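**Student:** Sharing target.cif, mmCIF, C-alpha atoms and all ligand atoms:
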data_coords
loop_
_atom_site.group_PDB
_atom_site.id
_atom_site.type_symbol
_atom_site.label_atom_id
_atom_site.label_comp_id
_atom_site.auth_asym_id
_atom_site.auth_seq_id
_atom_site.Cartn_x
_atom_site.Cartn_y
_atom_site.Cartn_z
ATOM 1 C CA MET A 1 -32.250 -22.343 92.959
ATOM 2 C CA SER A 2 -29.623 -23.009 95.626
ATOM 3 C CA THR A 3 -25.854 -23.014 95.146
ATOM 4 C CA HIS A 4 -25.602 -26.663 94.061
ATOM 5 C CA ILE A 5 -29.171 -27.557 93.056
ATOM 6 C CA GLY A 6 -30.773 -25.916 90.028
ATOM 7 C CA ALA A 7 -34.432 -26.606 90.886
ATOM 8 C CA LYS A 8 -37.103 -23.938 91.234
ATOM 9 C CA GLN A 9 -39.107 -23.717 94.451
ATOM 10 C CA GLY A 10 -41.754 -26.438 94.492
ATOM 11 C CA GLU A 11 -39.923 -28.744 92.080
ATOM 12 C CA ILE A 12 -38.552 -30.981 94.842
ATOM 13 C CA ALA A 13 -40.846 -33.160 96.997
ATOM 14 C CA GLU A 14 -40.825 -33.123 100.809
ATOM 15 C CA ARG A 15 -39.822 -36.816 100.667
ATOM 16 C CA VAL A 16 -36.390 -37.452 99.183
ATOM 17 C CA ILE A 17 -34.387 -40.618 98.549
ATOM 18 C CA LEU A 18 -30.641 -40.019 98.550
ATOM 19 C CA PRO A 19 -28.410 -42.478 96.664
ATOM 20 C CA GLY A 20 -24.724 -41.564 96.448
ATOM 21 C CA ASP A 21 -24.413 -42.194 92.722
ATOM 22 C CA PRO A 22 -26.263 -39.698 90.476
ATOM 23 C CA LEU A 23 -26.729 -42.350 87.775
ATOM 24 C CA ARG A 24 -28.392 -44.514 90.420
ATOM 25 C CA ALA A 25 -30.756 -41.587 91.059
ATOM 26 C CA LYS A 26 -31.645 -41.615 87.347
ATOM 27 C CA PHE A 27 -32.118 -45.376 87.351
ATOM 28 C CA ILE A 28 -34.319 -45.258 90.480
ATOM 29 C CA ALA A 29 -36.443 -42.441 89.046
ATOM 30 C CA GLU A 30 -36.892 -44.200 85.695
ATOM 31 C CA THR A 31 -37.527 -47.633 87.222
ATOM 32 C CA PHE A 32 -39.724 -46.887 90.229
ATOM 33 C CA LEU A 33 -41.334 -43.436 89.785
ATOM 34 C CA GLU A 34 -44.216 -42.386 87.586
ATOM 35 C CA ASN A 35 -43.651 -39.322 85.399
ATOM 36 C CA PRO A 36 -40.137 -38.524 86.671
ATOM 37 C CA VAL A 37 -38.881 -35.047 85.821
ATOM 38 C CA CYS A 38 -35.198 -34.103 86.124
ATOM 39 C CA TYR A 39 -34.730 -30.882 88.109
ATOM 40 C CA ASN A 40 -30.962 -30.789 88.498
ATOM 41 C CA ASN A 41 -27.841 -31.518 86.543
ATOM 42 C CA ILE A 42 -25.368 -29.075 88.109
ATOM 43 C CA ARG A 43 -22.065 -31.001 88.405
ATOM 44 C CA GLY A 44 -23.934 -34.000 86.970
ATOM 45 C CA MET A 45 -25.540 -34.527 90.388
ATOM 46 C CA LEU A 46 -28.886 -35.597 88.963
ATOM 47 C CA GLY A 47 -32.162 -35.114 90.839
ATOM 48 C CA PHE A 48 -35.684 -36.155 89.811
ATOM 49 C CA THR A 49 -39.229 -35.757 91.108
ATOM 50 C CA GLY A 50 -42.081 -38.131 90.340
ATOM 51 C CA THR A 51 -44.735 -40.145 92.131
ATOM 52 C CA TYR A 52 -44.598 -43.528 93.834
ATOM 53 C CA LYS A 53 -47.924 -45.194 94.757
ATOM 54 C CA GLY A 54 -49.536 -41.740 94.697
ATOM 55 C CA LYS A 55 -46.853 -40.079 96.880
ATOM 56 C CA ARG A 56 -44.723 -37.263 95.491
ATOM 57 C CA VAL A 57 -41.098 -38.356 95.885
ATOM 58 C CA SER A 58 -37.742 -36.947 94.759
ATOM 59 C CA VAL A 59 -34.491 -38.832 94.231
ATOM 60 C CA GLN A 60 -31.291 -36.820 94.545
ATOM 61 C CA GLY A 61 -27.702 -38.024 94.051
ATOM 62 C CA THR A 62 -25.409 -36.900 96.871
ATOM 63 C CA GLY A 63 -21.919 -37.925 95.802
ATOM 64 C CA MET A 64 -19.614 -39.828 98.133
ATOM 65 C CA GLY A 65 -18.683 -38.848 101.654
ATOM 66 C CA ILE A 66 -19.816 -36.563 104.414
ATOM 67 C CA PRO A 67 -18.848 -33.166 102.919
ATOM 68 C CA SER A 68 -20.726 -33.991 99.725
ATOM 69 C CA ILE A 69 -23.963 -35.321 101.271
ATOM 70 C CA GLY A 70 -23.751 -32.435 103.764
ATOM 71 C CA ILE A 71 -24.052 -29.871 100.973
ATOM 72 C CA TYR A 72 -27.003 -31.540 99.229
ATOM 73 C CA ALA A 73 -28.924 -32.401 102.401
ATOM 74 C CA TYR A 74 -28.415 -28.868 103.793
ATOM 75 C CA GLU A 75 -29.760 -27.264 100.627
ATOM 76 C CA LEU A 76 -32.667 -29.711 100.293
ATOM 77 C CA ILE A 77 -33.741 -28.965 103.860
ATOM 78 C CA ASN A 78 -33.075 -25.232 104.003
ATOM 79 C CA PHE A 79 -33.847 -24.059 100.461
ATOM 80 C CA TYR A 80 -36.449 -26.575 99.331
ATOM 81 C CA GLY A 81 -38.262 -27.481 102.571
ATOM 82 C CA CYS A 82 -37.581 -31.255 102.406
ATOM 83 C CA LYS A 83 -38.859 -33.060 105.508
ATOM 84 C CA ARG A 84 -38.148 -36.795 105.123
ATOM 85 C CA LEU A 85 -34.777 -37.839 103.762
ATOM 86 C CA ILE A 86 -33.614 -41.432 103.391
ATOM 87 C CA ARG A 87 -30.114 -42.321 102.285
ATOM 88 C CA THR A 88 -29.957 -45.545 100.296
ATOM 89 C CA GLY A 89 -26.604 -47.090 99.552
ATOM 90 C CA THR A 90 -24.110 -49.847 100.069
ATOM 91 C CA CYS A 91 -21.841 -50.677 102.965
ATOM 92 C CA GLY A 92 -19.089 -53.051 104.004
ATOM 93 C CA SER A 93 -20.125 -55.233 106.948
ATOM 94 C CA LEU A 94 -17.730 -55.496 109.861
ATOM 95 C CA ILE A 95 -19.122 -58.445 111.832
ATOM 96 C CA GLU A 96 -20.402 -61.922 110.947
ATOM 97 C CA LYS A 97 -23.982 -61.143 111.916
ATOM 98 C CA TYR A 98 -24.265 -58.934 108.815
ATOM 99 C CA LYS A 99 -23.893 -60.778 105.517
ATOM 100 C CA ILE A 100 -23.814 -59.933 101.819
ATOM 101 C CA LYS A 101 -27.284 -58.806 100.584
ATOM 102 C CA ASP A 102 -28.534 -58.068 104.112
ATOM 103 C CA VAL A 103 -30.515 -54.872 104.479
ATOM 104 C CA ILE A 104 -29.230 -52.767 107.371
ATOM 105 C CA ILE A 105 -31.404 -50.032 108.803
ATOM 106 C CA ALA A 106 -29.119 -47.456 110.379
ATOM 107 C CA GLN A 107 -30.278 -46.589 113.860
ATOM 108 C CA ALA A 108 -27.220 -44.501 114.669
ATOM 109 C CA ALA A 109 -23.910 -43.536 113.103
ATOM 110 C CA ALA A 110 -20.468 -43.314 114.687
ATOM 111 C CA THR A 111 -17.997 -41.268 112.690
ATOM 112 C CA ASP A 112 -14.329 -40.339 112.356
ATOM 113 C CA SER A 113 -15.259 -37.262 110.348
ATOM 114 C CA GLY A 114 -13.622 -33.940 111.167
ATOM 115 C CA THR A 115 -16.973 -32.251 110.521
ATOM 116 C CA GLN A 116 -18.234 -33.160 113.996
ATOM 117 C CA MET A 117 -15.154 -31.606 115.611
ATOM 118 C CA THR A 118 -15.556 -28.502 113.442
ATOM 119 C CA ARG A 119 -19.176 -28.179 114.509
ATOM 120 C CA PHE A 120 -19.087 -29.108 118.176
ATOM 121 C CA GLY A 121 -15.466 -28.666 119.246
ATOM 122 C CA ALA A 122 -13.333 -31.247 121.043
ATOM 123 C CA GLY A 123 -15.375 -31.520 124.234
ATOM 124 C CA ILE A 124 -18.664 -32.738 122.787
ATOM 125 C CA SER A 125 -19.531 -36.039 121.151
ATOM 126 C CA PHE A 126 -22.909 -35.672 119.447
ATOM 127 C CA PRO A 127 -24.947 -38.859 118.859
ATOM 128 C CA ALA A 128 -25.998 -38.987 115.215
ATOM 129 C CA VAL A 129 -29.261 -40.957 115.322
ATOM 130 C CA SER A 130 -31.929 -41.564 112.722
ATOM 131 C CA ASP A 131 -35.557 -40.595 113.221
ATOM 132 C CA PHE A 132 -37.243 -43.175 115.455
ATOM 133 C CA TYR A 133 -40.608 -43.128 113.633
ATOM 134 C CA LEU A 134 -39.113 -43.279 110.151
ATOM 135 C CA MET A 135 -36.873 -46.115 111.333
ATOM 136 C CA THR A 136 -39.709 -48.157 112.865
ATOM 137 C CA ASP A 137 -41.825 -47.539 109.733
ATOM 138 C CA ALA A 138 -38.966 -48.873 107.621
ATOM 139 C CA VAL A 139 -38.648 -51.976 109.822
ATOM 140 C CA GLU A 140 -42.400 -52.688 109.538
ATOM 141 C CA THR A 141 -42.379 -52.011 105.791
ATOM 142 C CA ALA A 142 -39.486 -54.418 105.304
ATOM 143 C CA LYS A 143 -41.294 -57.153 107.251
ATOM 144 C CA LYS A 144 -44.414 -56.672 105.117
ATOM 145 C CA LEU A 145 -42.216 -57.156 102.043
ATOM 146 C CA GLY A 146 -40.935 -60.411 103.561
ATOM 147 C CA VAL A 147 -37.502 -59.073 104.492
ATOM 148 C CA GLU A 148 -36.076 -59.334 107.993
ATOM 149 C CA PRO A 149 -34.073 -56.133 108.245
ATOM 150 C CA LYS A 150 -31.143 -55.829 110.607
ATOM 151 C CA VAL A 151 -31.082 -52.675 112.670
ATOM 152 C CA GLY A 152 -27.680 -51.461 113.780
ATOM 153 C CA THR A 153 -25.122 -48.747 114.293
ATOM 154 C CA VAL A 154 -23.102 -47.851 111.225
ATOM 155 C CA PHE A 155 -19.678 -46.237 110.935
ATOM 156 C CA SER A 156 -19.619 -43.176 108.658
ATOM 157 C CA THR A 157 -15.990 -42.870 107.718
ATOM 158 C CA ASP A 158 -14.057 -40.236 105.789
ATOM 159 C CA LEU A 159 -11.590 -42.917 104.701
ATOM 160 C CA PHE A 160 -12.728 -45.620 102.299
ATOM 161 C CA TYR A 161 -9.091 -46.787 102.362
ATOM 162 C CA ARG A 162 -8.466 -46.796 106.100
ATOM 163 C CA PRO A 163 -6.313 -48.470 108.735
ATOM 164 C CA THR A 164 -7.649 -51.882 109.787
ATOM 165 C CA SER A 165 -7.201 -50.801 113.413
ATOM 166 C CA THR A 166 -10.204 -48.453 112.985
ATOM 167 C CA GLU A 167 -12.314 -51.341 111.699
ATOM 168 C CA GLN A 168 -11.208 -53.482 114.622
ATOM 169 C CA LEU A 169 -12.209 -50.806 117.121
ATOM 170 C CA MET A 170 -15.663 -50.389 115.535
ATOM 171 C CA LYS A 171 -16.124 -54.186 115.552
ATOM 172 C CA GLU A 172 -15.393 -54.281 119.263
ATOM 173 C CA TYR A 173 -18.268 -51.864 119.801
ATOM 174 C CA GLY A 174 -20.702 -53.953 117.731
ATOM 175 C CA VAL A 175 -20.844 -51.591 114.763
ATOM 176 C CA ALA A 176 -22.569 -53.311 111.852
ATOM 177 C CA CYS A 177 -20.895 -51.784 108.839
ATOM 178 C CA SER A 178 -18.816 -49.058 107.284
ATOM 179 C CA GLU A 179 -20.246 -46.433 104.928
ATOM 180 C CA MET A 180 -19.575 -42.749 104.334
ATOM 181 C CA GLU A 181 -22.629 -40.506 104.738
ATOM 182 C CA CYS A 182 -25.223 -41.334 107.424
ATOM 183 C CA ALA A 183 -23.692 -39.419 110.361
ATOM 184 C CA GLU A 184 -23.902 -36.095 108.548
ATOM 185 C CA LEU A 185 -27.454 -36.688 107.323
ATOM 186 C CA PHE A 186 -28.641 -37.607 110.835
ATOM 187 C CA THR A 187 -26.862 -34.623 112.400
ATOM 188 C CA LEU A 188 -28.497 -32.229 109.932
ATOM 189 C CA GLY A 189 -31.850 -33.899 110.677
ATOM 190 C CA ALA A 190 -31.370 -33.101 114.361
ATOM 191 C CA ARG A 191 -30.218 -29.537 113.675
ATOM 192 C CA TYR A 192 -33.139 -28.653 111.410
ATOM 193 C CA GLY A 193 -35.867 -30.834 112.915
ATOM 194 C CA VAL A 194 -36.506 -33.101 109.924
ATOM 195 C CA GLN A 195 -36.752 -36.898 109.685
ATOM 196 C CA THR A 196 -33.718 -38.768 108.376
ATOM 197 C CA LEU A 197 -32.785 -42.425 107.955
ATOM 198 C CA GLY A 198 -30.243 -44.671 106.232
ATOM 199 C CA ILE A 199 -31.146 -47.958 104.539
ATOM 200 C CA LEU A 200 -28.108 -49.860 103.323
ATOM 201 C CA THR A 201 -27.339 -53.147 101.654
ATOM 202 C CA VAL A 202 -24.174 -55.068 102.361
ATOM 203 C CA SER A 203 -22.059 -55.006 99.191
ATOM 204 C CA ASP A 204 -18.971 -56.506 100.798
ATOM 205 C CA GLU A 205 -18.044 -58.398 103.943
ATOM 206 C CA ILE A 206 -14.930 -56.775 105.321
ATOM 207 C CA TYR A 207 -14.383 -59.623 107.810
ATOM 208 C CA SER A 208 -14.377 -62.342 105.118
ATOM 209 C CA GLY A 209 -13.246 -60.419 102.020
ATOM 210 C CA ARG A 210 -16.338 -61.594 100.065
ATOM 211 C CA GLU A 211 -17.911 -59.148 97.589
ATOM 212 C CA THR A 212 -21.308 -59.188 95.860
ATOM 213 C CA SER A 213 -21.793 -60.526 92.384
ATOM 214 C CA SER A 214 -23.646 -58.200 90.012
ATOM 215 C CA GLU A 215 -26.842 -60.339 90.232
ATOM 216 C CA GLU A 216 -26.750 -60.244 94.039
ATOM 217 C CA ARG A 217 -26.207 -56.500 93.925
ATOM 218 C CA GLN A 218 -29.209 -55.918 91.661
ATOM 219 C CA GLU A 219 -31.520 -58.138 93.735
ATOM 220 C CA SER A 220 -30.624 -56.544 97.066
ATOM 221 C CA PHE A 221 -30.737 -53.067 95.522
ATOM 222 C CA THR A 222 -34.349 -53.617 94.410
ATOM 223 C CA THR A 223 -35.336 -54.841 97.891
ATOM 224 C CA MET A 224 -33.721 -51.830 99.555
ATOM 225 C CA MET A 225 -35.418 -49.400 97.146
ATOM 226 C CA LYS A 226 -38.857 -50.909 97.727
ATOM 227 C CA ILE A 227 -38.422 -50.565 101.483
ATOM 228 C CA ALA A 228 -37.216 -46.963 101.183
ATOM 229 C CA LEU A 229 -39.955 -45.899 98.764
ATOM 230 C CA ASP A 230 -42.741 -47.572 100.752
ATOM 231 C CA ALA A 231 -41.476 -46.180 104.088
ATOM 232 C CA ILE A 232 -40.811 -42.596 103.045
HETATM 233 N N1 LIG A 301 -16.507 -48.471 103.612
HETATM 234 C C1 LIG A 301 -17.131 -47.338 103.246
HETATM 235 N N2 LIG A 301 -18.081 -47.292 102.342
HETATM 236 C C2 LIG A 301 -18.415 -48.450 101.740
HETATM 237 C C3 LIG A 301 -17.797 -49.639 102.071
HETATM 238 C C4 LIG A 301 -16.802 -49.647 103.051
HETATM 239 O O1 LIG A 301 -16.218 -50.662 103.402
HETATM 240 N N3 LIG A 301 -18.359 -50.613 101.292
HETATM 241 C C5 LIG A 301 -19.278 -49.995 100.515
HETATM 242 N N4 LIG A 301 -19.322 -48.693 100.780
#
What does the file become when written as structure tokens?

**Tutor:**
Amino acid sequence: MSTHIGAKQGEIAERVILPGDPLRAKFIAETFLENPVCYNNIRGMLGFTGTYKGKRVSVQGTGMGIPSIGIYAYELINFYGCKRLIRTGTCGSLIEKYKIKDVIIAQAAATDSGTQMTRFGAGISFPAVSDFYLMTDAVETAKKLGVEPKVGTVFSTDLFYRPTSTEQLMKEYGVACSEMECAELFTLGARYGVQTLGILTVSDEIYSGRETSSEERQESFTTMMKIALDAI
């Protein structure tokens, strides 16, 4: 077991889906996986392994924000040998091109997180990018499922409640949406040579103030999960 994950070696698959909410991890495992087995409940951060269309897949909750996903992704990669990690979650879209229920495939992540400064120092800006092959697989998979995914840069912020000036700046640079985890996942992917990706659904339009209804949320959640599970 690692510090925050109570699984034994071999209990976690090389392919891992990473929702923020641990109860979402449970729901995904029970809804989409065959024979799901729970391998972690330390801090209630549930993780499960099962099979999807014959592939061994795990689903691990990460909590919210960069420090939290950073801990789980680090341990999955370095203690359990995970090789393909896809974050699934929601985001707030910043520009009109990205609407409620849209699926956004995160090609790259800008961030305001202090973690990048801690790692690289003030003089270096590291580009947090997803794995090209996993990303193109996800785009193709989405098209086969009849969904036209939108590929874009996301903004991984430490502040859910943030100044609007930050949102304005990101908009000016064509950033699709705001979320809180992708930049750290992609950076760890680069550091440890594993494939990482983010697949997000728009839960709220920051530019219009519109939010998803619960039916819309469920429908777009199912679409996103099918894409992630087929692509991983
Ligand atoms: N910011 C960060 N994370 C989010 C948002 C947002 O606007 N919407 C959903 N998750």

**Student:** Where's the centre, and what are the edge lengths in Å to one decimal, of a box along x, y and z enclosing all listed atoms of ligand LIG 301 (chain A) padded 8 Å per side, as AutoDock Vina command-line options?

**Tutor:**
--center_x -17.8 --center_y -49.0 --center_z 102.1 --size_x 19.1 --size_y 19.4 --size_z 19.1

**Student:** With all atoms listed in the file as the counted atoms, please give the residues lying no more than 10 Å from A:Ile42, apart from itself and same-chain residues fewer than 5 positions off, as an MDAnalysis selection string.

**Tutor:** chainID A and resid 3:7 47

**Student:** Restricting the calculation to all atoms listed in the file, which member of A:Leu76, A:Met45, A:Ile17, A:Leu94 is positioned closest to A:Ser2?

**Tutor:**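 Checking each candidate against A:Ser2, we get A:Leu76 as the closest.
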
**Student:** Could you give me, as a list of chain:residue names, the residues within 12 Å of A:Ile206, counting only C-alpha atoms and dropping anything in the same chain fewer than 3 positions from it?

**Tutor:**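 What passes the distance filter is A:Cys91, A:Gly92, A:Ser93, A:Leu94, A:Ile95, A:Glu96, A:Tyr98, A:Lys99, A:Ile100, A:Phe160, A:Tyr161, A:Arg162, A:Thr164, A:Glu167, A:Gln168, A:Lys171, A:Ala176, A:Cys177, A:Ser178, A:Glu179, A:Val202, A:Ser203, A:Gly209, A:Arg210, A:Glu211, A:Thr212.
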
**Student:** Find, counting all atoms listed in the file, the residue in A:Val16, A:Met1, A:Ile77, A:Met180 that gets nearest to ligand LIG 301 (chain A).

**Tutor:**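 Ranking A:Val16, A:Met1, A:Ile77, A:Met180 by distance to ligand LIG 301 (chain A), first place goes to A:Met180.
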
**Student:** For atom CA of A:Cys82 and atom CA of A:Gln116, determine how far apart the two atoms are, in Å to one decimal place.

**Tutor:**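 One can read the atom CA of A:Cys82 to atom CA of A:Gln116 distance as 22.6 Å.
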
**Student:** Would you work out the distance separating atom CA of A:Asp230 from atom CA of A:Arg84, expressed in Å to one decimal?

**Tutor:**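 Going from atom CA of A:Asp230 over to atom CA of A:Arg84, I get 12.5 Å.
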
**Student:** Using all atoms listed in the file, which of A:Glu184, A:Ala138, A:Met225, A:Pro127 sits nearest A:Thr153?

**Tutor:** A:Pro127

**Student:** From the list A:Pro36, A:Pro22, A:Gly61, A:Gly89, which residue is nearest ligand LIG 301 (chain A) when using only C-alpha atoms and all ligand atoms?

**Tutor:**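 That would be A:Gly89, the residue with the smallest distance to ligand LIG 301 (chain A).
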
**Student:** Apply the PyMOL selection byres (((chain A and resi 220) around 9) and not hetatm) to the structure shown and report the selected residues as a PyMOL selection string.

**Tutor:** chain A and resi 100-103+201-203+215-219+221-225

**Student:** Name the closest residue to A:Ser68 among the candidates A:Met170, A:Val147, A:Leu197, A:Cys182; distances are taken between atoms, counting all atoms listed in the file.

**Tutor:**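 Of the candidates, the smallest distance to A:Ser68 is held by A:Cys182.
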